[in-house]
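Quick look at work.cif (mmCIF, C-alpha atoms):
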data_protein
#
loop_
_atom_site.label_atom_id
_atom_site.label_comp_id
_atom_site.auth_asym_id
_atom_site.auth_seq_id
_atom_site.Cartn_x
_atom_site.Cartn_y
_atom_site.Cartn_z
CA MET K 182 -9.71 -123.25 -93.76
CA LEU K 183 -8.07 -126.10 -95.66
CA PRO K 184 -6.66 -128.96 -93.59
CA GLN K 185 -3.22 -130.44 -93.75
CA SER K 186 -3.38 -134.16 -94.37
CA ALA K 187 -1.44 -137.35 -94.77
CA GLU K 188 -2.23 -141.02 -95.37
CA ILE K 189 -0.09 -143.34 -93.28
CA ARG K 190 0.36 -147.02 -93.92
CA LEU K 191 -0.49 -149.08 -90.84
CA PRO K 192 2.02 -151.60 -89.47
CA GLY K 193 -0.79 -153.81 -88.17
CA PRO K 194 -4.26 -153.66 -86.61
CA VAL K 195 -5.29 -150.38 -84.96
CA ASP K 196 -8.42 -149.92 -82.87
CA LEU K 197 -8.94 -146.16 -82.65
CA GLY K 198 -11.50 -146.41 -79.88
CA LEU K 199 -9.43 -148.61 -77.58
CA THR K 200 -6.18 -146.80 -78.31
CA LEU K 201 -7.52 -143.27 -77.75
CA ALA K 202 -10.06 -144.05 -75.01
CA VAL K 203 -7.46 -143.23 -72.37
CA LEU K 204 -7.53 -139.62 -73.65
CA GLN K 205 -11.29 -139.24 -73.25
CA ARG K 206 -10.96 -137.85 -69.75
CA GLY K 207 -14.42 -136.36 -69.53
CA GLY K 208 -16.05 -139.58 -70.70
CA SER K 209 -18.41 -139.29 -73.64
CA LYS K 210 -19.05 -135.67 -72.61
CA ASP K 211 -15.38 -134.71 -72.96
CA PRO K 212 -15.53 -131.75 -75.39
CA THR K 213 -11.88 -132.16 -76.45
CA ILE K 214 -12.28 -135.52 -78.18
CA ARG K 215 -14.89 -137.53 -80.06
CA LEU K 216 -14.64 -141.25 -80.77
CA ALA K 217 -16.77 -143.23 -83.22
CA ALA K 218 -16.40 -146.43 -85.21
CA GLY K 219 -13.25 -146.07 -87.27
CA VAL K 220 -13.08 -142.28 -86.82
CA ALA K 221 -11.76 -140.02 -84.07
CA TRP K 222 -11.48 -136.27 -83.58
CA ARG K 223 -9.15 -134.57 -81.07
CA ALA K 224 -8.52 -130.94 -80.16
CA SER K 225 -5.22 -130.05 -78.49
CA TRP K 226 -2.49 -127.48 -78.10
CA THR K 227 0.71 -128.33 -79.95
CA PRO K 228 4.12 -126.60 -79.74
CA GLU K 229 3.05 -124.69 -82.86
CA GLY K 230 -0.45 -123.70 -81.71
CA ALA K 231 -4.00 -125.00 -81.58
CA SER K 232 -5.10 -127.95 -83.68
CA THR K 233 -8.05 -130.17 -84.41
CA ALA K 234 -7.14 -133.53 -85.90
CA ARG K 235 -9.34 -136.13 -87.55
CA TYR K 236 -8.22 -139.76 -87.80
CA GLU K 237 -9.99 -142.20 -90.11
CA LEU K 238 -9.09 -145.85 -90.56
CA LYS K 239 -8.93 -147.15 -94.11
CA ARG K 240 -8.34 -150.76 -95.10
CA ASP K 241 -4.61 -150.77 -94.36
CA SER K 242 -3.88 -147.08 -93.80
CA LEU K 243 -4.80 -144.13 -91.63
CA LEU K 244 -6.02 -140.84 -93.08
CA VAL K 245 -5.08 -137.88 -90.88
CA GLN K 246 -6.44 -134.39 -91.43
CA ALA K 247 -5.73 -131.42 -89.18
CA TRP K 248 -6.74 -127.77 -88.92
CA GLY K 249 -5.22 -124.78 -87.13
CA GLU K 250 -1.76 -123.37 -86.54
CA GLY K 251 -0.65 -126.69 -85.07
CA ALA K 252 -2.02 -128.78 -87.94
CA GLY K 253 1.36 -129.73 -89.34
CA TRP K 254 2.67 -130.80 -85.95
CA ALA K 255 -0.50 -132.82 -85.26
CA VAL K 256 -0.18 -134.69 -88.57
CA GLU K 257 3.49 -135.47 -87.98
CA ALA K 258 2.80 -136.60 -84.41
CA SER K 259 -0.10 -138.90 -85.32
CA PRO K 260 1.99 -142.11 -85.56
CA ALA K 261 3.24 -141.53 -81.99
CA LEU K 262 -0.25 -140.63 -80.74
CA LEU K 263 -1.71 -143.85 -82.15
CA GLY K 264 1.19 -146.04 -81.07
CA LEU K 265 2.19 -147.07 -84.57
CA ASP K 266 5.68 -147.69 -83.20
CA ASP K 267 4.21 -149.91 -80.47
CA GLN K 268 4.74 -153.65 -80.91
CA PRO K 269 1.77 -155.41 -79.30
CA GLU K 270 2.72 -158.62 -81.13
CA SER K 271 5.83 -158.82 -78.93
CA PHE K 272 3.61 -159.33 -75.87
CA ARG K 273 3.17 -163.06 -75.23
CA PRO K 274 1.42 -163.50 -71.89
CA ARG K 275 1.46 -166.86 -70.17
CA HIS K 276 -1.70 -166.21 -68.19
CA PRO K 277 -4.66 -167.67 -70.12
CA LEU K 278 -6.95 -164.73 -69.37
CA LEU K 279 -4.42 -162.18 -70.59
CA TRP K 280 -3.67 -164.32 -73.63
CA GLU K 281 -7.36 -164.38 -74.55
CA ILE K 282 -7.93 -160.65 -73.99
CA HIS K 283 -4.81 -159.82 -76.00
CA ARG K 284 -6.00 -162.10 -78.82
CA ARG K 285 -9.39 -160.38 -78.88
CA HIS K 286 -7.95 -156.86 -78.96
CA PRO K 287 -5.03 -156.89 -81.41
CA GLY K 288 -5.65 -153.24 -82.27
CA LEU K 289 -5.00 -151.87 -78.79
CA ARG K 290 -1.86 -149.75 -79.03
CA LEU K 291 -0.10 -147.65 -76.44
CA GLY K 292 0.69 -144.24 -77.86
CA ARG K 293 1.84 -140.90 -76.49
CA THR K 294 0.40 -137.40 -76.78
CA GLN K 295 3.72 -135.63 -76.07
CA SER K 296 1.60 -133.00 -74.28
CA VAL K 297 2.56 -133.33 -70.63
CA PHE K 298 0.65 -130.37 -69.21
CA GLU K 299 -2.57 -131.43 -70.93
CA ALA K 300 -2.22 -134.78 -69.16
CA VAL K 301 -1.48 -133.17 -65.79
CA VAL K 302 -4.80 -131.33 -65.43
CA PRO K 303 -7.28 -134.25 -65.73
CA THR K 304 -4.92 -136.51 -63.77
CA VAL K 305 -4.93 -134.12 -60.81
CA LEU K 306 -8.73 -134.05 -60.93
CA GLU K 307 -8.79 -137.87 -60.72
CA GLN K 308 -6.76 -137.99 -57.50
CA LYS K 309 -8.62 -139.90 -54.77
CA VAL K 310 -12.14 -139.38 -56.12
CA PRO K 311 -14.59 -141.57 -58.06
CA GLY K 312 -13.98 -141.43 -61.80
CA VAL K 313 -17.45 -140.11 -62.54
CA GLU K 314 -16.81 -137.09 -60.32
CA ALA K 315 -13.47 -136.32 -61.95
CA ARG K 316 -14.85 -136.70 -65.47
CA ALA K 317 -17.73 -134.35 -64.77
CA ALA K 318 -15.41 -131.75 -63.28
CA TYR K 319 -13.01 -131.91 -66.22
CA ALA K 320 -15.74 -131.61 -68.87
CA THR K 321 -17.35 -128.69 -67.02
CA MET K 322 -14.05 -126.88 -66.59
CA VAL K 323 -13.07 -127.29 -70.26
CA ARG K 324 -16.40 -125.91 -71.45
CA ALA K 325 -16.04 -122.92 -69.13
CA LEU K 326 -12.35 -122.07 -69.62
CA GLY K 327 -11.41 -123.62 -72.97
CA GLU K 328 -11.48 -122.05 -76.44
CA ARG K 329 -13.24 -123.19 -79.57
CA ALA K 330 -10.97 -125.55 -81.49
CA PRO K 331 -10.03 -124.90 -85.15
CA GLY K 332 -12.32 -126.31 -87.84
CA ASP K 333 -15.99 -127.17 -87.72
CA ALA K 334 -15.97 -130.26 -85.50
CA GLY K 335 -17.44 -128.39 -82.55
CA LEU K 336 -14.66 -129.40 -80.17
CA ILE K 337 -13.16 -127.26 -77.41
CA LEU K 338 -9.47 -126.90 -76.63
CA PRO K 339 -8.24 -127.64 -73.10
CA PRO K 340 -7.70 -124.47 -71.05
CA THR K 341 -4.30 -122.87 -71.52
CA PRO K 342 -1.91 -122.48 -68.58
CA ARG K 343 -2.43 -118.72 -68.75
CA ARG K 344 -6.22 -119.04 -68.52
CA LEU K 345 -5.91 -121.39 -65.55
CA LEU K 346 -3.55 -118.98 -63.79
CA GLU K 347 -5.96 -116.10 -64.40
CA THR K 348 -8.78 -118.07 -62.75
CA PRO K 349 -8.86 -117.61 -58.94
CA TYR K 350 -8.92 -120.82 -56.93
CA TRP K 351 -12.41 -120.15 -55.56
CA ALA K 352 -13.84 -120.02 -59.10
CA PHE K 353 -12.89 -123.67 -59.61
CA HIS K 354 -15.62 -124.63 -57.14
CA ARG K 355 -18.13 -123.81 -59.87
CA TYR K 356 -16.72 -126.73 -61.84
CA GLY K 357 -16.73 -129.16 -58.90
CA ILE K 358 -13.02 -128.74 -58.10
CA GLU K 359 -11.81 -128.32 -54.53
CA GLN K 360 -9.25 -125.72 -53.48
CA ARG K 361 -6.34 -128.17 -53.06
CA LYS K 362 -6.63 -129.49 -56.60
CA ALA K 363 -7.12 -126.01 -58.00
CA SER K 364 -3.85 -125.02 -56.32
CA VAL K 365 -2.01 -128.03 -57.75
CA ILE K 366 -3.29 -127.24 -61.25
CA ARG K 367 -2.25 -123.59 -60.93
CA ASN K 368 1.19 -124.60 -59.61
CA ALA K 369 1.64 -126.87 -62.63
CA ALA K 370 0.47 -124.10 -64.95
CA CYS K 371 3.30 -121.92 -63.65
CA VAL K 372 5.85 -124.39 -65.04
CA ALA K 373 3.85 -125.69 -68.01
CA HIS K 374 6.65 -124.94 -70.48
CA ARG K 375 9.09 -127.01 -68.42
CA LEU K 376 6.56 -129.82 -68.09
CA ASN K 377 6.09 -130.06 -71.84
CA GLU K 378 9.86 -130.34 -72.25
CA LEU K 379 9.60 -133.68 -70.41
CA ALA K 380 8.19 -135.18 -73.62
CA ARG K 381 11.82 -135.49 -74.70
CA ALA K 382 13.00 -137.02 -71.42
CA GLY K 383 13.00 -140.67 -70.46
CA ALA K 384 10.04 -141.97 -68.46
CA GLU K 385 12.05 -142.42 -65.25
CA GLU K 386 13.51 -138.90 -65.40
CA ALA K 387 10.10 -137.45 -66.25
CA ARG K 388 8.45 -139.14 -63.27
CA ARG K 389 11.23 -137.89 -60.96
CA ARG K 390 10.73 -134.31 -62.11
CA LEU K 391 6.94 -134.55 -62.01
CA ILE K 392 6.84 -135.60 -58.36
CA SER K 393 8.95 -132.54 -57.49
CA ILE K 394 5.79 -130.48 -58.08
CA PRO K 395 3.73 -130.15 -54.88
CA GLY K 396 0.56 -132.21 -55.17
CA ILE K 397 1.88 -134.60 -57.83
CA GLY K 398 2.92 -137.94 -56.34
CA PRO K 399 3.93 -141.33 -57.73
CA TRP K 400 0.36 -142.23 -58.76
CA SER K 401 -0.12 -139.04 -60.77
CA ALA K 402 3.37 -139.23 -62.27
CA ALA K 403 2.74 -142.77 -63.54
CA GLU K 404 -0.64 -141.83 -65.01
CA ILE K 405 0.87 -138.83 -66.79
CA ALA K 406 3.84 -140.83 -68.08
CA ALA K 407 1.55 -143.50 -69.53
CA VAL K 408 -0.55 -140.97 -71.47
CA ALA K 409 1.89 -138.24 -72.45
CA LEU K 410 5.12 -140.21 -72.75
CA GLY K 411 3.80 -143.61 -73.83
CA ASP K 412 5.45 -145.39 -70.89
CA ARG K 413 4.44 -148.98 -71.64
CA ASP K 414 5.62 -150.18 -68.24
CA ALA K 415 3.85 -147.58 -66.10
CA VAL K 416 2.05 -148.84 -62.97
CA SER K 417 0.20 -146.40 -60.72
CA PRO K 418 0.88 -147.09 -57.02
CA GLY K 419 -1.74 -146.17 -54.45
CA ASP K 420 -4.69 -146.61 -56.80
CA TYR K 421 -8.01 -147.26 -55.06
CA ASN K 422 -9.15 -150.13 -57.31
CA LEU K 423 -6.24 -151.28 -59.45
CA PRO K 424 -4.56 -153.68 -56.97
CA HIS K 425 -7.89 -155.46 -56.47
CA VAL K 426 -8.52 -155.73 -60.22
CA VAL K 427 -5.05 -157.12 -60.92
CA SER K 428 -5.20 -159.56 -57.99
CA TRP K 429 -8.65 -160.78 -59.00
CA ALA K 430 -7.83 -161.15 -62.70
CA LEU K 431 -4.42 -162.78 -62.36
CA ALA K 432 -4.74 -164.72 -59.10
CA GLY K 433 -8.47 -165.03 -58.32
CA GLU K 434 -7.94 -162.99 -55.14
CA PRO K 435 -10.74 -160.47 -54.54
CA ARG K 436 -8.50 -158.07 -52.62
CA GLY K 437 -4.95 -156.98 -53.30
CA SER K 438 -2.29 -154.52 -52.25
CA ASP K 439 0.33 -152.55 -54.16
CA ALA K 440 2.92 -155.16 -53.21
CA ARG K 441 0.77 -158.05 -54.44
CA MET K 442 -0.11 -156.19 -57.65
CA LEU K 443 3.57 -155.57 -58.43
CA GLU K 444 4.37 -159.21 -57.69
CA LEU K 445 1.71 -160.43 -60.12
CA LEU K 446 2.78 -157.93 -62.79
CA GLU K 447 6.51 -158.65 -62.49
CA PRO K 448 6.51 -161.40 -65.17
CA TYR K 449 5.20 -158.77 -67.61
CA ARG K 450 7.80 -156.07 -66.86
CA GLY K 451 8.14 -153.88 -69.91
CA HIS K 452 4.48 -154.48 -70.72
CA ARG K 453 2.84 -153.77 -67.36
CA ALA K 454 0.89 -150.77 -68.66
CA ARG K 455 -0.37 -152.97 -71.49
CA VAL K 456 -1.63 -155.55 -69.00
CA ILE K 457 -3.55 -152.86 -67.15
CA ARG K 458 -5.04 -151.48 -70.36
CA LEU K 459 -6.07 -154.97 -71.48
CA LEU K 460 -7.85 -155.64 -68.19
CA ALA K 461 -9.67 -152.33 -68.56
CA ALA K 462 -10.60 -153.11 -72.18
CA ALA K 463 -12.12 -156.38 -70.99
CA GLY K 464 -14.15 -154.56 -68.34
CA ILE K 465 -12.76 -156.67 -65.52
CA THR K 466 -13.59 -155.50 -62.00
CA ALA K 467 -13.00 -157.05 -58.58
CA PRO K 468 -15.94 -158.19 -56.43
CA ARG K 469 -17.33 -155.44 -54.22
CA PHE K 470 -17.57 -156.08 -50.48
CA GLY K 471 -17.94 -152.58 -49.11
CA PRO K 472 -19.56 -149.25 -49.96
CA ARG K 473 -18.43 -147.37 -53.01
CA MET K 474 -16.38 -144.21 -52.60
CA PRO K 475 -18.99 -141.47 -52.01
CA LEU K 476 -19.53 -138.74 -54.56
CA ARG K 477 -18.95 -135.20 -53.39
CA ARG K 478 -20.36 -131.90 -54.60
CA PHE K 479 -18.22 -128.78 -54.77
CA ALA K 480 -19.94 -126.98 -57.65
CA ARG K 481 -21.57 -123.65 -56.87
CA ARG K 482 -23.92 -121.84 -59.16
#

Mind converting the file's structure to structure tokens?
Amino acid sequence: MLPQSAEIRLPGPVDLGLTLAVLQRGGSKDPTIRLAAGVAWRASWTPEGASTARYELKRDSLLVQAWGEGAGWAVEASPALLGLDDQPESFRPRHPLLWEIHRRHPGLRLGRTQSVFEAVVPTVLEQKVPGVEARAAYATMVRALGERAPGDAGLILPPTPRRLLETPYWAFHRYGIEQRKASVIRNAACVAHRLNELARAGAEEARRRLISIPGIGPWSAAEIAAVALGDRDAVSPGDYNLPHVVSWALAGEPRGSDARMLELLEPYRGHRARVIRLLAAAGITAPRFGPRMPLRRFARR
């Protein structure tokens, strides 16, 4: 199988790892994506079918190769995926910490997958649980229900809506997924075609339509919009840790609320998602005063 390919001139620095890390939803064990120094592989469903894409940074260009029925679409969509239309140089933070982090990570770009349903599934799994639990559940589910991706990279495609609908809710327990989340995922799978149409809608309209789905609230809608639609101003309300991280980083306050977080982020409106990504890239966390959220076990063998 010969790949389709293109070499794209870069408008500025691009850090593949930082830019695509937000898509690695199963952590390093995520079988849909592989990140290495200067090279990334990603398996996904496109409007034209399955694809595996390989991205390699050259000196001032990006080499994209793709396999499968959706190869052409994946190649054409690569500038959007990697945020080549993003303008990180337009961000000029006044806060010295943000200024320094931004200076150190000029290649962080905010892109968009344009695959709304693929963003819905791992986002639902991340609702109100520790990240390590959600990542393990997603990776396990993909390996069990996904298909082998085109090419020889050894990646696995995310499960299709049809496969998820064919899987009874009780079977999701094998992958560490509780009944409520299994129901939300199956409800979303019923309208997957309508969800993917949101890639052409504005971020505000997309969030409004997303929260009309039972089980998807403002937090999930913002997370999905940031990943699938490239909403560079997305802020996720109700997050367990984010208000504390923002309050600690920008005001030296070890505890914060949604209201305080939004107040501190207001000067960066239009770039608020970038601020959050920069803080994550720097590994900033708030001091811990209480017990961590406990891990739960739903998997059954």

Test item: the PyMOL selection byres ((chain K and resi 232) around 8) resolved as a list in words | Ala224, Ser225, Trp226, Thr227, Gly230, Ala231, Thr233, Ala234, Ala247, Trp248, Gly249, Glu250, Gly251, Ala252, Ala255, Ala330 and Pro331 of chain K

Taken to one decimal, the atom CA of Arg290 of chain K-atom CA of Arg455 of chain K distance is 8.3 Å

Self-check item: Expected selection from the PyMOL selection byres ((chain K and resi 266-282) around 10), given as a PyMOL selection string
Solution: chain K and resi 191-194+260-265+283-292+411+413+430-432+448-449+451-452+455-457+459-460+462-463

Env of Lys210 of chain K: 12 Å cut, atoms = all atoms listed in the file, seq-sep filter 4 positions within chain, self excluded. Answer as a PyMOL selection string. chain K and resi 205-206+214-216+313+316-324+336-337

I want to know what sits within 8 Å of Val256 of chain K, based on all atoms listed in the file, with residues of the same chain fewer than 2 positions away left out; could you give that as a count of residues only?
12

One decimal place gives the atom CA of Pro228 of chain K-atom CA of Leu346 of chain K separation as 19.3 Å

Atom CA of Val195 of chain K to atom CA of Ser209 of chain K measures 20.6 Å

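Running the PyMOL selection byres ((chain K and resi 410) around 7) on this file leaves Arg293, Thr294, Gln295, Ala380, Ala384, Ala406, Ala407, Val408, Ala409, Gly411 and Asp412 of chain K selected.
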
For those residues, write C-alpha atoms to a file as a compact mmCIF listing (two decimals), in the frame of the given file.
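New file selection-v3.txt:
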# COMPACT_ATOMS: atom_id res chain seq x y z
CA ARG K 293 1.84 -140.90 -76.49
CA THR K 294 0.40 -137.40 -76.78
CA GLN K 295 3.72 -135.63 -76.07
CA ALA K 380 8.19 -135.18 -73.62
CA ALA K 384 10.04 -141.97 -68.46
CA ALA K 406 3.84 -140.83 -68.08
CA ALA K 407 1.55 -143.50 -69.53
CA VAL K 408 -0.55 -140.97 -71.47
CA ALA K 409 1.89 -138.24 -72.45
CA GLY K 411 3.80 -143.61 -73.83
CA ASP K 412 5.45 -145.39 -70.89

Around the point (1.7, -143.6, -60.6) (coordinates from the file), which residues reach within 8 Å if we count all atoms listed in the file? Answer as a short mmCIF file (atom, residue, chain, number, x, y, z; two decimals) with C-alpha atoms, in the frame of the given file.
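File result29.cif, as written:
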data_model
loop_
_atom_site.label_atom_id
_atom_site.label_comp_id
_atom_site.auth_asym_id
_atom_site.auth_seq_id
_atom_site.Cartn_x
_atom_site.Cartn_y
_atom_site.Cartn_z
CA GLY K 398 2.92 -137.94 -56.34
CA PRO K 399 3.93 -141.33 -57.73
CA TRP K 400 0.36 -142.23 -58.76
CA SER K 401 -0.12 -139.04 -60.77
CA ALA K 402 3.37 -139.23 -62.27
CA ALA K 403 2.74 -142.77 -63.54
CA GLU K 404 -0.64 -141.83 -65.01
CA ILE K 405 0.87 -138.83 -66.79
CA ALA K 415 3.85 -147.58 -66.10
CA VAL K 416 2.05 -148.84 -62.97
CA SER K 417 0.20 -146.40 -60.72
CA PRO K 418 0.88 -147.09 -57.02
CA GLY K 419 -1.74 -146.17 -54.45
#

Around (1.1, -130.0, -68.7), as given in the file, which residues come within 12 Å? Count all atoms listed in the file and list them as JSON, numbers by chain. {"K": [225, 226, 227, 228, 294, 295, 296, 297, 298, 299, 300, 301, 302, 303, 304, 305, 339, 340, 341, 342, 343, 345, 365, 366, 367, 368, 369, 370, 371, 372, 373, 374, 375, 376, 377, 378, 379, 380, 387, 391, 394, 397, 402, 405, 406, 408, 409, 410]}

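Nearest residue to Leu423 of chain K among K:Ala202, K:Ala363, K:Ala217, K:Ala467 is K:Ala467, counting all atoms listed in the file.
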
Shell around Arg190 of chain K at 7 Å using all atoms listed in the file, local window under 5 positions removed, as a PyMOL selection string = chain K and resi 241-243
